[in-house]
>>> print(open('coords_36.txt').read())   # compact mmCIF, C-alpha atoms
# COMPACT_ATOMS: atom_id res chain seq x y z
CA MET A 1 30.50 9.75 -0.25
CA SER A 2 27.33 11.54 -1.39
CA ASP A 3 24.01 9.75 -1.50
CA VAL A 4 23.01 8.17 -4.78
CA THR A 5 20.25 10.05 -6.61
CA LYS A 6 17.32 9.03 -8.75
CA GLU A 7 18.91 10.73 -11.75
CA GLN A 8 22.12 8.71 -11.33
CA VAL A 9 20.12 5.48 -11.17
CA LEU A 10 18.21 6.36 -14.34
CA GLU A 11 21.47 7.23 -16.10
CA VAL A 12 22.88 3.80 -15.31
CA LEU A 13 19.65 2.07 -16.32
CA GLY A 14 19.90 3.88 -19.64
CA THR A 15 22.65 1.43 -20.54
CA ILE A 16 20.24 -1.52 -20.41
CA ARG A 17 18.79 -2.22 -23.82
CA GLY A 18 15.15 -3.07 -24.34
CA PRO A 19 14.17 -6.65 -25.23
CA ASP A 20 14.11 -5.94 -28.98
CA LEU A 21 17.13 -3.59 -29.11
CA GLU A 22 15.01 -0.60 -30.17
CA GLY A 23 16.07 1.55 -27.25
CA ASP A 24 17.04 1.42 -23.61
CA ILE A 25 14.54 0.59 -20.85
CA VAL A 26 14.45 4.21 -19.64
CA SER A 27 13.72 5.81 -23.02
CA LEU A 28 11.12 3.11 -23.72
CA GLY A 29 9.27 4.13 -20.55
CA MET A 30 9.68 0.73 -18.93
CA VAL A 31 11.13 1.94 -15.60
CA SER A 32 8.74 2.94 -12.84
CA ASP A 33 9.37 5.78 -10.43
CA VAL A 34 12.63 5.13 -8.57
CA PHE A 35 12.53 5.13 -4.79
CA ILE A 36 15.71 5.30 -2.69
CA SER A 37 15.85 4.69 1.06
CA ASP A 38 18.84 3.91 3.26
CA ALA A 39 21.07 3.51 0.16
CA LYS A 40 18.74 0.82 -1.21
CA VAL A 41 17.09 1.36 -4.59
CA TYR A 42 13.59 0.17 -5.41
CA PHE A 43 11.90 0.17 -8.83
CA SER A 44 10.01 -2.02 -11.26
CA ILE A 45 10.29 -2.67 -14.99
CA THR A 46 7.04 -2.77 -16.95
CA VAL A 47 6.81 -5.53 -19.56
CA PRO A 48 4.00 -7.25 -21.48
CA SER A 49 2.53 -9.94 -19.25
CA SER A 50 2.88 -12.54 -22.03
CA ARG A 51 6.67 -12.05 -22.07
CA ALA A 52 7.35 -11.85 -18.33
CA SER A 53 9.17 -15.17 -18.15
CA GLU A 54 11.52 -14.57 -21.08
CA LEU A 55 12.41 -11.06 -19.87
CA GLU A 56 13.69 -12.15 -16.47
CA PRO A 57 17.32 -11.63 -17.66
CA LEU A 58 16.43 -8.00 -18.33
CA ARG A 59 15.39 -7.57 -14.69
CA MET A 60 18.55 -9.29 -13.47
CA ALA A 61 20.75 -7.06 -15.65
CA ALA A 62 19.08 -3.91 -14.30
CA GLU A 63 19.45 -5.13 -10.72
CA LYS A 64 23.13 -5.94 -11.31
CA VAL A 65 24.13 -2.54 -12.72
CA VAL A 66 22.29 -0.62 -10.00
CA THR A 67 23.72 -2.77 -7.21
CA ALA A 68 27.22 -2.10 -8.58
CA MET A 69 26.79 1.67 -8.27
CA PRO A 70 28.98 3.39 -5.65
CA GLY A 71 26.94 4.18 -2.56
CA VAL A 72 24.23 1.59 -3.27
CA LYS A 73 23.78 -1.13 -0.65
CA GLY A 74 21.24 -3.12 -2.61
CA ALA A 75 18.49 -3.04 -5.20
CA LEU A 76 14.92 -4.33 -5.13
CA VAL A 77 13.78 -4.82 -8.72
CA THR A 78 10.90 -6.78 -10.20
CA LEU A 79 8.94 -7.11 -13.40
CA THR A 80 5.49 -5.54 -13.55
CA ALA A 81 2.93 -6.59 -16.15
CA ASP A 82 0.92 -3.57 -17.30
CA HIS A 83 -1.53 -4.17 -20.12
CA LYS A 84 -1.84 -0.41 -20.76
CA ALA A 85 1.85 0.46 -20.98
CA GLY A 86 1.97 2.07 -24.40
CA GLY A 87 5.73 2.51 -24.51
CA ALA A 88 6.69 -0.63 -22.70
CA ALA A 89 8.78 -3.27 -24.41
CA PRO A 90 7.65 -3.63 -28.00
CA GLN A 91 6.48 -7.15 -28.56
CA LYS A 92 7.58 -9.41 -31.36
CA PRO A 93 4.78 -10.95 -33.41
CA GLN A 94 4.24 -14.45 -32.12
CA PRO A 95 1.86 -17.24 -33.11
CA GLN A 96 -1.18 -17.53 -30.90
CA LYS A 97 -0.87 -20.16 -28.24
CA PRO A 98 -3.75 -21.80 -26.36
CA GLN A 99 -4.22 -20.35 -22.89
CA PRO A 100 -3.75 -22.62 -19.86
CA THR A 101 -6.94 -24.19 -18.61
CA ALA A 102 -8.25 -22.59 -15.43
CA HIS A 103 -8.88 -24.65 -12.33
CA ALA A 104 -12.32 -26.09 -11.88
CA GLY A 105 -14.73 -23.61 -10.44
CA HIS A 106 -12.90 -20.63 -11.95
CA SER A 107 -13.77 -20.98 -15.63
CA HIS A 108 -15.69 -17.70 -15.88
CA PRO A 109 -14.17 -14.21 -15.90
CA PRO A 110 -14.40 -12.38 -12.56
CA ALA A 111 -17.25 -9.95 -12.13
CA GLY A 112 -16.94 -6.29 -12.92
CA GLY A 113 -15.45 -6.54 -16.40
CA GLN A 114 -12.24 -8.14 -15.17
CA GLN A 115 -10.55 -10.71 -17.36
CA ARG A 116 -8.06 -13.45 -17.02
CA GLY A 117 -4.60 -13.08 -18.47
CA PRO A 118 -1.80 -15.57 -19.02
CA GLN A 119 -1.19 -17.72 -15.98
CA SER A 120 2.60 -17.84 -16.44
CA VAL A 121 3.28 -14.86 -14.18
CA LYS A 122 1.07 -16.14 -11.32
CA THR A 123 3.76 -18.35 -9.86
CA GLY A 124 3.82 -19.59 -6.30
CA VAL A 125 6.73 -19.65 -3.90
CA PRO A 126 9.00 -22.72 -4.13
CA GLY A 127 8.77 -24.83 -1.00
CA VAL A 128 5.70 -23.04 0.38
CA GLY A 129 2.60 -25.21 0.61
CA ALA A 130 -0.14 -22.65 1.27
CA ILE A 131 -0.22 -18.85 1.41
CA ILE A 132 -2.83 -17.25 3.67
CA ALA A 133 -3.69 -13.56 3.71
CA VAL A 134 -4.77 -12.04 7.04
CA ALA A 135 -6.72 -8.88 6.28
CA SER A 136 -9.07 -6.31 7.76
CA GLY A 137 -11.31 -3.63 6.34
CA LYS A 138 -9.91 -0.94 8.62
CA GLY A 139 -6.97 -0.28 10.94
CA GLY A 140 -7.04 -0.54 14.70
CA VAL A 141 -8.68 -3.95 14.94
CA GLY A 142 -5.55 -5.83 16.04
CA LYS A 143 -4.92 -7.50 12.69
CA SER A 144 -1.12 -7.67 12.96
CA THR A 145 -1.25 -9.03 16.51
CA THR A 146 -3.74 -11.61 15.28
CA ALA A 147 -1.58 -12.51 12.27
CA VAL A 148 1.51 -13.06 14.44
CA ASN A 149 -0.32 -15.19 17.00
CA LEU A 150 -2.14 -17.08 14.24
CA ALA A 151 1.21 -17.92 12.63
CA LEU A 152 2.57 -19.05 15.98
CA GLY A 153 -0.64 -21.02 16.50
CA PHE A 154 -0.03 -22.90 13.25
CA GLN A 155 3.50 -23.58 14.45
CA ALA A 156 2.32 -24.78 17.87
CA ASN A 157 0.03 -27.19 16.03
CA GLY A 158 3.04 -28.79 14.36
CA LEU A 159 3.31 -26.91 11.06
CA LYS A 160 6.35 -25.22 9.51
CA VAL A 161 5.42 -21.56 9.23
CA GLY A 162 6.66 -18.27 7.80
CA LEU A 163 5.29 -14.75 8.22
CA LEU A 164 5.41 -12.02 5.57
CA ASP A 165 4.67 -8.48 6.72
CA ALA A 166 3.01 -6.97 3.64
CA ASP A 167 2.09 -3.71 5.39
CA ILE A 168 4.55 -1.61 3.39
CA TYR A 169 3.54 1.68 4.97
CA GLY A 170 3.42 0.60 8.60
CA PRO A 171 5.35 -2.65 9.15
CA SER A 172 4.85 -3.89 12.70
CA VAL A 173 6.09 -7.49 12.62
CA PRO A 174 9.68 -6.57 13.63
CA ARG A 175 8.37 -5.07 16.85
CA LEU A 176 5.78 -7.77 17.49
CA LEU A 177 8.42 -10.52 17.07
CA LYS A 178 11.20 -8.52 18.77
CA ILE A 179 13.50 -8.78 15.75
CA SER A 180 16.06 -6.15 14.81
CA GLY A 181 18.92 -5.90 12.36
CA ARG A 182 19.18 -6.42 8.62
CA PRO A 183 18.61 -9.70 6.74
CA GLN A 184 21.60 -11.27 5.04
CA GLN A 185 21.87 -12.19 1.38
CA VAL A 186 22.67 -15.78 0.47
CA GLU A 187 23.70 -17.28 -2.86
CA ASN A 188 21.72 -16.49 -6.00
CA ARG A 189 20.73 -13.08 -4.58
CA TYR A 190 18.14 -14.59 -2.24
CA ILE A 191 17.58 -12.95 1.14
CA LYS A 192 17.68 -15.02 4.29
CA PRO A 193 14.55 -14.39 6.39
CA MET A 194 14.88 -13.14 9.94
CA GLU A 195 13.77 -15.51 12.68
CA ASN A 196 12.52 -15.55 16.26
CA TYR A 197 10.50 -18.07 18.27
CA GLY A 198 11.19 -20.55 15.45
CA LEU A 199 9.15 -18.42 13.03
CA LYS A 200 10.71 -17.22 9.77
CA ALA A 201 9.74 -13.63 9.00
CA MET A 202 10.27 -10.96 6.37
CA SER A 203 9.22 -7.33 6.58
CA MET A 204 10.02 -4.00 4.96
CA GLY A 205 10.74 -2.96 8.54
CA PHE A 206 13.94 -5.02 8.34
CA LEU A 207 15.12 -3.08 5.28
CA VAL A 208 14.40 0.54 6.23
CA ASP A 209 14.65 2.53 9.45
CA GLU A 210 11.58 2.54 11.67
CA GLU A 211 11.18 6.32 11.34
CA THR A 212 11.39 6.30 7.53
CA ALA A 213 8.23 7.57 5.85
CA MET A 214 7.23 5.07 3.19
CA ILE A 215 5.71 7.15 0.39
CA TRP A 216 5.30 4.69 -2.45
CA ARG A 217 3.15 4.48 -5.52
CA GLY A 218 1.40 1.35 -6.70
CA PRO A 219 4.18 -0.10 -8.90
CA MET A 220 6.73 0.33 -6.10
CA ILE A 221 4.49 -1.49 -3.64
CA GLN A 222 4.10 -4.34 -6.08
CA SER A 223 7.85 -4.52 -6.69
CA ALA A 224 8.74 -4.64 -3.01
CA LEU A 225 6.01 -7.09 -2.09
CA LEU A 226 6.73 -9.62 -4.82
CA GLN A 227 10.47 -9.56 -4.20
CA MET A 228 10.00 -10.04 -0.45
CA LEU A 229 7.71 -12.93 -1.30
CA ARG A 230 9.66 -14.70 -4.05
CA GLU A 231 13.28 -13.75 -3.47
CA VAL A 232 13.46 -14.78 0.17
CA ALA A 233 14.93 -18.17 1.07
CA TRP A 234 11.84 -19.39 2.93
CA GLY A 235 12.81 -23.04 2.72
CA ASP A 236 10.11 -25.69 3.12
CA LEU A 237 6.99 -24.27 4.76
CA ASP A 238 3.56 -25.75 5.26
CA VAL A 239 2.03 -22.30 5.39
CA LEU A 240 3.10 -18.70 4.84
CA VAL A 241 0.95 -16.16 6.70
CA VAL A 242 0.79 -12.72 5.04
CA ASP A 243 -0.08 -9.79 7.29
CA MET A 244 -1.88 -7.47 4.88
CA PRO A 245 -2.27 -3.72 5.38
CA PRO A 246 -5.79 -2.58 6.29
CA GLY A 247 -8.21 -1.68 3.54
CA THR A 248 -8.52 -2.73 -0.10
CA GLY A 249 -5.59 -1.04 -1.86
CA ASP A 250 -2.56 -1.84 -3.98
CA VAL A 251 -1.13 -4.61 -1.79
CA GLN A 252 -4.38 -6.55 -1.72
CA LEU A 253 -4.76 -6.18 -5.48
CA THR A 254 -1.19 -7.31 -6.09
CA MET A 255 -1.67 -10.38 -3.90
CA ALA A 256 -4.90 -11.26 -5.71
CA GLN A 257 -3.38 -10.73 -9.15
CA GLN A 258 0.00 -12.36 -8.77
CA VAL A 259 -0.07 -14.83 -5.87
CA PRO A 260 -1.95 -18.17 -5.70
CA LEU A 261 -3.53 -17.57 -2.31
CA ALA A 262 -4.99 -20.59 -0.53
CA GLY A 263 -7.41 -18.23 1.18
CA ALA A 264 -7.98 -15.14 3.29
CA VAL A 265 -8.79 -14.63 6.95
CA ILE A 266 -10.73 -11.49 7.87
CA VAL A 267 -10.18 -9.84 11.25
CA SER A 268 -12.86 -7.57 12.67
CA THR A 269 -14.11 -6.22 15.97
CA PRO A 270 -17.80 -6.67 16.88
CA GLN A 271 -19.04 -3.11 16.37
CA ASP A 272 -21.03 -2.11 13.31
CA LEU A 273 -18.43 0.34 11.93
CA ALA A 274 -15.66 -2.27 11.85
CA LEU A 275 -18.03 -4.84 10.36
CA ALA A 276 -19.03 -2.43 7.61
CA ASP A 277 -15.38 -2.04 6.62
CA ALA A 278 -14.79 -5.78 6.94
CA ARG A 279 -17.60 -6.36 4.44
CA LYS A 280 -15.62 -4.34 1.88
CA GLY A 281 -12.62 -6.61 2.34
CA ILE A 282 -14.80 -9.70 2.10
CA ALA A 283 -16.40 -8.40 -1.10
CA MET A 284 -12.99 -7.66 -2.61
CA PHE A 285 -11.63 -11.16 -1.96
CA LYS A 286 -14.81 -12.71 -3.35
CA LYS A 287 -14.59 -10.56 -6.46
CA VAL A 288 -11.05 -11.72 -7.20
CA GLU A 289 -11.94 -15.33 -6.36
CA VAL A 290 -9.85 -15.74 -3.22
CA PRO A 291 -11.49 -18.30 -0.89
CA LEU A 292 -12.52 -16.94 2.50
CA LEU A 293 -11.22 -19.28 5.18
CA GLY A 294 -13.20 -17.48 7.85
CA ILE A 295 -13.70 -14.46 10.10
CA ILE A 296 -12.08 -13.78 13.47
CA GLU A 297 -13.79 -11.52 15.97
CA ASN A 298 -10.96 -9.72 17.78
CA MET A 299 -11.49 -7.66 20.96
CA SER A 300 -14.67 -9.71 21.24
CA TYR A 301 -15.09 -8.98 24.94
CA PHE A 302 -13.04 -7.51 27.79
CA ILE A 303 -11.92 -9.45 30.83
CA ALA A 304 -11.22 -7.23 33.85
CA PRO A 305 -7.77 -8.18 35.18
CA ASP A 306 -8.73 -7.58 38.83
CA THR A 307 -12.10 -9.33 38.99
CA GLY A 308 -12.15 -11.54 35.92
CA LYS A 309 -15.55 -10.08 35.05
CA ARG A 310 -16.49 -9.95 31.38
CA TYR A 311 -17.58 -6.73 29.65
CA ASP A 312 -18.81 -6.45 26.05
CA ILE A 313 -17.21 -3.07 25.37
CA PHE A 314 -17.62 -3.16 21.60
CA GLY A 315 -20.71 -5.30 21.57
CA HIS A 316 -20.38 -9.01 21.00
CA GLY A 317 -21.10 -11.56 18.32
CA GLY A 318 -21.28 -9.18 15.37
CA ALA A 319 -18.55 -10.92 13.39
CA LYS A 320 -20.04 -14.34 14.07
CA ALA A 321 -23.45 -13.15 12.90
CA GLU A 322 -21.89 -11.67 9.76
CA ALA A 323 -20.07 -14.94 9.04
CA GLU A 324 -23.33 -16.86 9.35
CA ARG A 325 -25.15 -14.32 7.17
CA ILE A 326 -22.73 -14.65 4.24
CA GLY A 327 -21.99 -18.34 4.69
CA VAL A 328 -18.34 -18.01 5.73
CA PRO A 329 -16.77 -20.06 8.56
CA PHE A 330 -16.46 -18.31 11.92
CA LEU A 331 -12.98 -19.12 13.22
CA GLY A 332 -13.33 -17.83 16.76
CA GLU A 333 -13.40 -14.87 19.10
CA VAL A 334 -10.36 -13.39 20.82
CA PRO A 335 -10.91 -11.37 24.02
CA LEU A 336 -9.46 -7.95 24.72
CA THR A 337 -6.99 -8.38 27.55
CA ILE A 338 -4.21 -6.29 29.04
CA ASP A 339 -1.96 -9.33 28.75
CA ILE A 340 -2.24 -9.51 24.94
CA ARG A 341 -1.42 -5.81 24.60
CA GLU A 342 1.53 -5.86 27.00
CA ARG A 343 3.05 -9.00 25.50
CA SER A 344 2.59 -7.67 21.95
CA ASP A 345 4.23 -4.36 22.84
CA ALA A 346 7.14 -6.27 24.40
CA GLY A 347 7.59 -8.47 21.32
CA THR A 348 6.67 -11.61 23.25
CA PRO A 349 3.44 -12.91 21.64
CA VAL A 350 1.14 -14.67 24.03
CA VAL A 351 1.15 -17.98 22.12
CA VAL A 352 4.85 -18.48 22.88
CA SER A 353 5.28 -16.45 26.07
CA ASP A 354 2.25 -17.92 27.89
CA PRO A 355 1.36 -21.07 25.94
CA GLU A 356 -0.81 -22.52 28.70
CA SER A 357 -3.07 -19.48 28.91
CA THR A 358 -6.66 -19.46 27.74
CA VAL A 359 -5.91 -16.87 25.05
CA ALA A 360 -3.02 -18.91 23.62
CA GLY A 361 -5.38 -21.86 23.39
CA ILE A 362 -7.88 -19.70 21.51
CA TYR A 363 -5.27 -18.77 18.91
CA ARG A 364 -4.24 -22.42 18.49
CA ASP A 365 -7.88 -23.42 18.03
CA ILE A 366 -8.38 -20.68 15.42
CA ALA A 367 -5.26 -21.87 13.59
CA ALA A 368 -6.59 -25.44 13.63
CA ARG A 369 -9.94 -24.33 12.16
CA ALA A 370 -8.26 -22.25 9.46
CA TRP A 371 -5.98 -25.16 8.54
CA SER A 372 -8.94 -27.52 8.32
CA GLU A 373 -10.47 -25.15 5.75
CA ILE A 374 -7.30 -25.42 3.63
CA ARG A 375 -6.61 -29.14 3.82
CA GLY A 376 -7.86 -31.04 0.84
CA LYS A 377 -8.56 -27.89 -1.16
CA PRO A 378 -6.47 -27.20 -4.27
CA VAL A 379 -4.55 -23.94 -4.25
CA ARG A 380 -6.25 -21.62 -6.72
CA GLN A 381 -4.49 -19.95 -9.59
CA ALA A 382 -4.50 -16.21 -9.13
CA PRO A 383 -6.52 -14.37 -11.79
CA ALA A 384 -4.95 -11.56 -13.76
CA ILE A 385 -7.11 -8.50 -13.15
CA VAL A 386 -7.31 -6.00 -15.99
CA PHE A 387 -9.07 -2.68 -15.55
CA GLU A 388 -10.41 -1.42 -18.84
>>> encode(input="coords_36.txt", output="structure tokens")
Amino acid sequence: MSDVTKEQVLEVLGTIRGPDLEGDIVSLGMVSDVFISDAKVYFSITVPSSRASELEPLRMAAEKVVTAMPGVKGALVTLTADHKAGGAAPQKPQPQKPQPTAHAGHSHPPAGGQQRGPQSVKTGVPGVGAIIAVASGKGGVGKSTTAVNLALGFQANGLKVGLLDADIYGPSVPRLLKISGRPQQVENRYIKPMENYGLKAMSMGFLVDEETAMIWRGPMIQSALLQMLREVAWGDLDVLVVDMPPGTGDVQLTMAQQVPLAGAVIVSTPQDLALADARKGIAMFKKVEVPLLGIIENMSYFIAPDTGKRYDIFGHGGAKAEAERIGVPFLGEVPLTIDIRERSDAGTPVVVSDPESTVAGIYRDIAARAWSEIRGKPVRQAPAIVFE
């Protein structure tokens, strides 16, 4: 059987009528670029943000017809709210309704000309108490290793924890948690998360081959991320840790726009270059009103395995000084050790494979400090960010 093509998918989607029966969703320009990988189809449908809730059946219908196509193993479809979509879903005249009241402390529009939109599309994840983003300004600082061990640290401290790998381009959680295979679908089209070490996890790495080049545009990233977040059967979790990709791109913006984050943790190394990039991430989260739970200084110092002597290879204390300068909690410093690298490469994170070690204790302490920043704080409503 030949592989399904983008043209075939669009032809099938042409049978789905727009919300006001004035054309199909393809001719109305509502369908994003279609991406196909490993017989799975990914796309989003652009709708007015004010009608996102009522147009959920439209998304389900599109997902159903594509999934039924010969040669298609599954479809990842979500609604995208685009305030500039000229041809997207003509909107029926409706009486003006009062906007929901924002949470205390967030009554003013974000800086930079950004505005709030309707709060109806900023829904949380059923059963998940708090969502924490683990981010870094640049790659190579050990963010994913930190995110995995932080999640396991929360779990070791008695919490029920999940881990979402939001690094669409370079998912590393499957390797770090030593998980392989494909997730199974349960009733109501929800996906069952993969699991190891008692930690529930979801990653694009479970859905595509490791060697697949992920070349996605912004709408596709948003579609995949939100469906992995909201259409996974996470169950009851105290906290969901999100391993963000490095930088300040589409994934970070999607999380800020559409997800009620309890806060963000910034990972940096001590040297000036990494701190300069970390400042960009800090500024971004502040601009979109995501609370900063604190900064972690990773690779803070090196412990020689033969002598136990300490070396400050990258300098030391830079992240702590930066945290003090901007008034953000400093969560702790993690040393650079051969043991962390070897255990991460083997998919046996140090928190579970050597729980009595000093480093495992450091991760548990960091998790305890981060959790103390969350407890008692209301989860913020995510602002809708509109670029004029």
>>> closest_atom_pairs(input="coords_36.txt", of="region 214-322 of chain A", to="region 174-184 of chain A", cutoff="12 Å", atoms="all atoms listed in the file", output="JSON lines")
{"residue": "A:Met228", "atom": "CA", "partner": "A:Pro183", "partner_atom": "CA", "distance": 11.2}
{"residue": "A:Val232", "atom": "CA", "partner": "A:Pro183", "partner_atom": "CA", "distance": 9.8}
{"residue": "A:Ala233", "atom": "CA", "partner": "A:Gln184", "partner_atom": "CA", "distance": 10.4}
{"residue": "A:Asp243", "atom": "CA", "partner": "A:Leu176", "partner_atom": "CA", "distance": 11.9}
>>> closest_residue(input="coords_36.txt", among="A:Lys73, A:Arg59, A:Arg230, A:Lys138", to="Ile282 (chain A)", atoms="only C-alpha atoms")
A:Lys138
>>> closest_residue(input="coords_36.txt", among="A:Pro171, A:Pro335, A:Gly139, A:Pro57", to="Tyr311 (chain A)", atoms="only C-alpha atoms")
A:Pro335
>>> residues_near_point(input="coords_36.txt", point="(-6.3, -20.3, 17.8)", cutoff="9 Å", atoms="only C-alpha atoms", output="list in words")
Asn149, Leu150, Gly153, Phe154, Leu331, Gly332, Val334, Val351, Val359, Ala360, Gly361, Ile362, Tyr363, Arg364, Asp365, Ile366, Ala367, Ala368, Arg369 and Ala370 of chain A
>>> closest_residue(input="coords_36.txt", among="A:Ser353, A:Thr358, A:Gln8, A:Ser203", to="Ala224 (chain A)", atoms="all atoms listed in the file")
A:Ser203
>>> closest_residue(input="coords_36.txt", among="A:Val47, A:Val186, A:Ala68, A:Val173", to="Thr145 (chain A)", atoms="all atoms listed in the file")
A:Val173
>>> residues_around(input="coords_36.txt", residues="Phe330 (chain A)", least_positions_apart="5", cutoff="6 Å", atoms="only C-alpha atoms", output="NGL selection string")
:A and (294-295 or 320 or 323)
>>> residues_around(input="coords_36.txt", residues="Leu199 (chain A)", least_positions_apart="3", cutoff="10 Å", atoms="all atoms listed in the file", output="ChimeraX atom specification")
/A:148,151-152,155,160-163,177,193-196
